[in-house]
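To start, the structure under review is shown below, and the notes come after it.
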Amino acid sequence: MTLNLQQQAQRRMRRALIFLVGLVVVLVGALVGIAFTGGGSTTAAPDSKATESAGPSAMPTVKPDDGGYVAPAETVKLPDGTAKAGNLSVQFPHTPEGAAAMAVASVRNAWSLDPAQVKAGILAYASAQYRDQMAAVAEDGAKGNRQYAGITPETGPVPPGATLNAWPIGVRYAAVNGDTVDVLVLLRVTHAAKVGAQSTTTLVVSPGRAVWEGGDWKGVPTAPGKPIPDPVDVGTAGFNEDHWKAIQEGDRL
């Protein structure tokens, strides 16, 4: 019984790492079957429609099969936080859109090569029950991001020309109750390992749950075994078929 409880606790912590540190999934092996595209070439995407994993799923950025752009059927301009924790927005509205805004901010920040920035995101967005344990492994999160981007070495100064940028392009959210919202964030992630290296772009879906805690939304892991949709690019029919809302940020969708 004790061993079973320990295993359950370990699984909960792993799911928390996946959501709030983003690419720690590379370290725990939850990101499986990633297909990349770069320099105009496209690798075949996974065949399954849904991935039974608590972590992000990823596939290439691909153009619509008919060569045309399909406008998003739904768009959303997520609210800003009313305060700052360092350079990160906090104090989001107590609404489903506010919960989604927190999740988007958390996931965007997690794709960082800077351990201090990863830790800052954990401290700003993680639920209190996970915060200290996760902050202690923030450096591993940044290492995982470097591994994902093919950047060496895994610590120390970032090599010249090495980049990792994540752009949230879509979101889905559903209120469980007034204080709990399940959120999926769809991102376009672009990275290069060094000067002259080919730039690679992937699409990633990152799941999480937002809970209202201490007057703000905080992140906790999702339930185990919950299916995650395969990523699809904005501007494709699949984006609308899977009920994504395109995120409006300023003049950019």
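How things are named: the first chain in the structure tokens is A, the next is B, and so on; residues count from 1 in each chain; ligands count from 1 in the order shown.
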For the structure I just gave you, how does DSSP split stretch 170-247 of chain A - specifically, which residues are strand (DSSP E)? Reply as a VMD selection string.
chain A and resid 170 to 177 180 to 192 200 to 213 216 to 220 227 to 229 245 to 247
Atomic separation - atom CA of A:Val185 relative to atom CA of A:Tyr173, Å
8.7 Å
Please provide as a PDB file with C-alpha atoms, in the first residue's frame all residues within 12 Å of stretch 164-168 of chain A, with the sequence filter that same-chain residues fewer than 5 positions apart are discarded (counting only C-alpha atoms).
ATOM      1  CA  GLY A  22       7.045  22.352 -20.265  1.00  0.00           C
ATOM      2  CA  LEU A  23       9.921  20.423 -21.783  1.00  0.00           C
ATOM      3  CA  LEU A  78      -7.376  36.453 -23.576  1.00  0.00           C
ATOM      4  CA  ALA A 100      -6.779  30.031 -20.066  1.00  0.00           C
ATOM      5  CA  ALA A 101      -4.680  33.201 -20.030  1.00  0.00           C
ATOM      6  CA  ALA A 103      -2.126  28.570 -18.748  1.00  0.00           C
ATOM      7  CA  VAL A 104      -0.918  30.273 -21.926  1.00  0.00           C
ATOM      8  CA  ALA A 105       1.453  32.512 -19.943  1.00  0.00           C
ATOM      9  CA  SER A 106       2.765  29.535 -17.962  1.00  0.00           C
ATOM     10  CA  VAL A 107       3.410  27.335 -20.985  1.00  0.00           C
ATOM     11  CA  ARG A 108       4.975  30.150 -23.011  1.00  0.00           C
ATOM     12  CA  ASN A 109       7.388  30.903 -20.164  1.00  0.00           C
ATOM     13  CA  ALA A 110       8.282  27.225 -19.725  1.00  0.00           C
ATOM     14  CA  TRP A 111       9.922  27.084 -23.167  1.00  0.00           C
ATOM     15  CA  SER A 112      12.977  28.974 -21.953  1.00  0.00           C
ATOM     16  CA  LEU A 113      16.681  28.247 -22.075  1.00  0.00           C
ATOM     17  CA  ASP A 114      17.205  30.245 -18.868  1.00  0.00           C
ATOM     18  CA  ALA A 142      16.049  24.299 -18.843  1.00  0.00           C
ATOM     19  CA  GLY A 144      15.404  19.526 -21.114  1.00  0.00           C
ATOM     20  CA  ASN A 145      14.657  22.520 -23.317  1.00  0.00           C
ATOM     21  CA  ARG A 146      18.243  22.505 -24.581  1.00  0.00           C
ATOM     22  CA  GLN A 147      17.999  18.789 -25.297  1.00  0.00           C
ATOM     23  CA  TYR A 148      14.796  19.350 -27.250  1.00  0.00           C
ATOM     24  CA  ALA A 149      16.432  22.069 -29.335  1.00  0.00           C
ATOM     25  CA  GLY A 150      19.636  20.066 -29.840  1.00  0.00           C
ATOM     26  CA  ILE A 151      21.709  22.694 -28.047  1.00  0.00           C
ATOM     27  CA  VAL A 158      23.806  29.643 -24.613  1.00  0.00           C
ATOM     28  CA  PRO A 159      25.854  29.164 -27.810  1.00  0.00           C
ATOM     29  CA  LEU A 184      -5.186  22.820 -23.772  1.00  0.00           C
ATOM     30  CA  VAL A 185      -2.622  25.171 -25.297  1.00  0.00           C
ATOM     31  CA  LEU A 186      -1.487  24.755 -28.912  1.00  0.00           C
ATOM     32  CA  LEU A 187       1.948  26.188 -29.662  1.00  0.00           C
ATOM     33  CA  ARG A 188       4.225  26.640 -32.632  1.00  0.00           C
ATOM     34  CA  VAL A 189       7.794  26.068 -31.398  1.00  0.00           C
ATOM     35  CA  THR A 190      10.835  27.076 -33.468  1.00  0.00           C
ATOM     36  CA  HIS A 191      14.413  26.308 -32.514  1.00  0.00           C
ATOM     37  CA  ALA A 192      17.960  26.248 -33.857  1.00  0.00           C
ATOM     38  CA  ALA A 193      21.011  24.710 -32.167  1.00  0.00           C
ATOM     39  CA  LYS A 194      23.648  27.269 -33.190  1.00  0.00           C
ATOM     40  CA  SER A 199      15.703  26.161 -38.005  1.00  0.00           C
ATOM     41  CA  THR A 200      13.103  23.572 -37.028  1.00  0.00           C
ATOM     42  CA  THR A 201       9.437  24.129 -36.246  1.00  0.00           C
ATOM     43  CA  THR A 202       7.056  21.803 -34.420  1.00  0.00           C
ATOM     44  CA  LEU A 203       3.503  22.064 -33.207  1.00  0.00           C
ATOM     45  CA  VAL A 204       2.904  21.089 -29.594  1.00  0.00           C
ATOM     46  CA  VAL A 205      -0.230  20.592 -27.504  1.00  0.00           C
ATOM     47  CA  SER A 206       0.289  21.159 -23.782  1.00  0.00           C
ATOM     48  CA  PRO A 231      -1.502  19.237 -32.953  1.00  0.00           C
ATOM     49  CA  ASP A 233      -1.693  24.319 -37.488  1.00  0.00           C
ATOM     50  CA  VAL A 234      -3.780  27.456 -37.498  1.00  0.00           C
ATOM     51  CA  TRP A 244      -9.407  25.370 -31.360  1.00  0.00           C
ATOM     52  CA  LYS A 245      -9.794  29.072 -30.677  1.00  0.00           C
ATOM     53  CA  ALA A 246      -7.124  31.178 -32.377  1.00  0.00           C
ATOM     54  CA  ILE A 247      -5.339  33.430 -29.892  1.00  0.00           C
ATOM     55  CA  GLN A 248      -5.348  37.119 -30.755  1.00  0.00           C
ATOM     56  CA  GLU A 249      -2.333  39.044 -29.507  1.00  0.00           C
ATOM     57  CA  ARG A 252      -1.276  38.930 -34.756  1.00  0.00           C
ATOM     58  CA  LEU A 253      -3.434  35.810 -34.673  1.00  0.00           C
TER      59      LEU A 253
END
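Among A:Val70, A:Ala135, A:Ala128, A:Val211, the residue with the shortest atom-to-atom distance to A:Ala99, counting only C-alpha atoms, is A:Val211.
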For atom CA of A:Lys119 and atom CA of A:Arg131, quote the distance in Å rounded to one decimal.
9.5 Å
Selection: 12 Å around A:Trp217, only C-alpha atoms, excl. self and same-chain fewer than 2 positions, as a ChimeraX atom specification
/A:81,89-106,124-128,178-183,208-215,219-220
Take the residues from that selection and put them in a file with C-alpha atoms, as a PDB file, in the first residue's frame.
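Saved to part_1.pdb:
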ATOM      1  CA  GLY A  81      -3.186  39.947 -15.610  1.00  0.00           C
ATOM      2  CA  SER A  89       1.616  38.617 -15.663  1.00  0.00           C
ATOM      3  CA  VAL A  90      -0.420  37.408 -12.683  1.00  0.00           C
ATOM      4  CA  GLN A  91      -3.788  38.182 -11.079  1.00  0.00           C
ATOM      5  CA  PHE A  92      -5.962  37.026 -13.969  1.00  0.00           C
ATOM      6  CA  PRO A  93      -9.757  37.434 -13.922  1.00  0.00           C
ATOM      7  CA  HIS A  94     -11.809  34.759 -12.156  1.00  0.00           C
ATOM      8  CA  THR A  95     -13.287  33.510 -15.436  1.00  0.00           C
ATOM      9  CA  PRO A  96     -12.570  30.569 -17.775  1.00  0.00           C
ATOM     10  CA  GLU A  97     -10.772  33.011 -20.081  1.00  0.00           C
ATOM     11  CA  GLY A  98      -8.642  34.175 -17.159  1.00  0.00           C
ATOM     12  CA  ALA A  99      -7.710  30.568 -16.417  1.00  0.00           C
ATOM     13  CA  ALA A 100      -6.779  30.031 -20.066  1.00  0.00           C
ATOM     14  CA  ALA A 101      -4.680  33.201 -20.030  1.00  0.00           C
ATOM     15  CA  MET A 102      -2.716  31.920 -17.029  1.00  0.00           C
ATOM     16  CA  ALA A 103      -2.126  28.570 -18.748  1.00  0.00           C
ATOM     17  CA  VAL A 104      -0.918  30.273 -21.926  1.00  0.00           C
ATOM     18  CA  ALA A 105       1.453  32.512 -19.943  1.00  0.00           C
ATOM     19  CA  SER A 106       2.765  29.535 -17.962  1.00  0.00           C
ATOM     20  CA  ALA A 124       4.388  32.561 -10.413  1.00  0.00           C
ATOM     21  CA  TYR A 125       2.043  29.921 -11.793  1.00  0.00           C
ATOM     22  CA  ALA A 126       2.376  26.622  -9.910  1.00  0.00           C
ATOM     23  CA  SER A 127      -0.114  25.582  -7.267  1.00  0.00           C
ATOM     24  CA  ALA A 128       1.319  25.812  -3.740  1.00  0.00           C
ATOM     25  CA  GLY A 178     -16.288  27.872 -11.000  1.00  0.00           C
ATOM     26  CA  ASP A 179     -12.796  27.316  -9.564  1.00  0.00           C
ATOM     27  CA  THR A 180     -11.403  24.654 -11.912  1.00  0.00           C
ATOM     28  CA  VAL A 181     -10.787  24.888 -15.663  1.00  0.00           C
ATOM     29  CA  ASP A 182      -9.154  22.325 -17.968  1.00  0.00           C
ATOM     30  CA  VAL A 183      -6.988  23.954 -20.626  1.00  0.00           C
ATOM     31  CA  GLY A 208      -3.100  21.458 -17.831  1.00  0.00           C
ATOM     32  CA  ARG A 209      -5.672  22.316 -15.219  1.00  0.00           C
ATOM     33  CA  ALA A 210      -6.117  25.755 -13.663  1.00  0.00           C
ATOM     34  CA  VAL A 211      -7.454  26.083 -10.121  1.00  0.00           C
ATOM     35  CA  TRP A 212      -8.492  29.258  -8.313  1.00  0.00           C
ATOM     36  CA  GLU A 213      -6.115  29.553  -5.366  1.00  0.00           C
ATOM     37  CA  GLY A 214      -5.277  32.553  -3.195  1.00  0.00           C
ATOM     38  CA  GLY A 215      -7.073  34.999  -5.468  1.00  0.00           C
ATOM     39  CA  GLY A 219      -1.585  25.311 -12.482  1.00  0.00           C
ATOM     40  CA  VAL A 220      -1.934  21.681 -11.471  1.00  0.00           C
TER      41      VAL A 220
END
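Atom CA of A:Ala175 lies 21.6 Å from atom CA of A:Thr82.
All residues of stretch 168-243 of chain A that DSSP, run on the backbone, classes as alpha helix (DSSP H) are Ala237, Gly238, Phe239, Asn240 and Glu241 of chain A.
With only C-alpha atoms as the basis for measurement, A:Val76 is the residue among A:Ala85, A:Val118, A:Val76, A:Ile228 that approaches A:Val171 most closely.
Excluding A:Asp242 itself and same-chain residues fewer than 3 positions from it, the residues having an atom within 10 Å of it are A:Arg172, A:Pro229, A:Asp230, A:Pro231, A:Val232, A:Ala237, A:Gly238, A:Phe239, A:Lys245, counting only C-alpha atoms.
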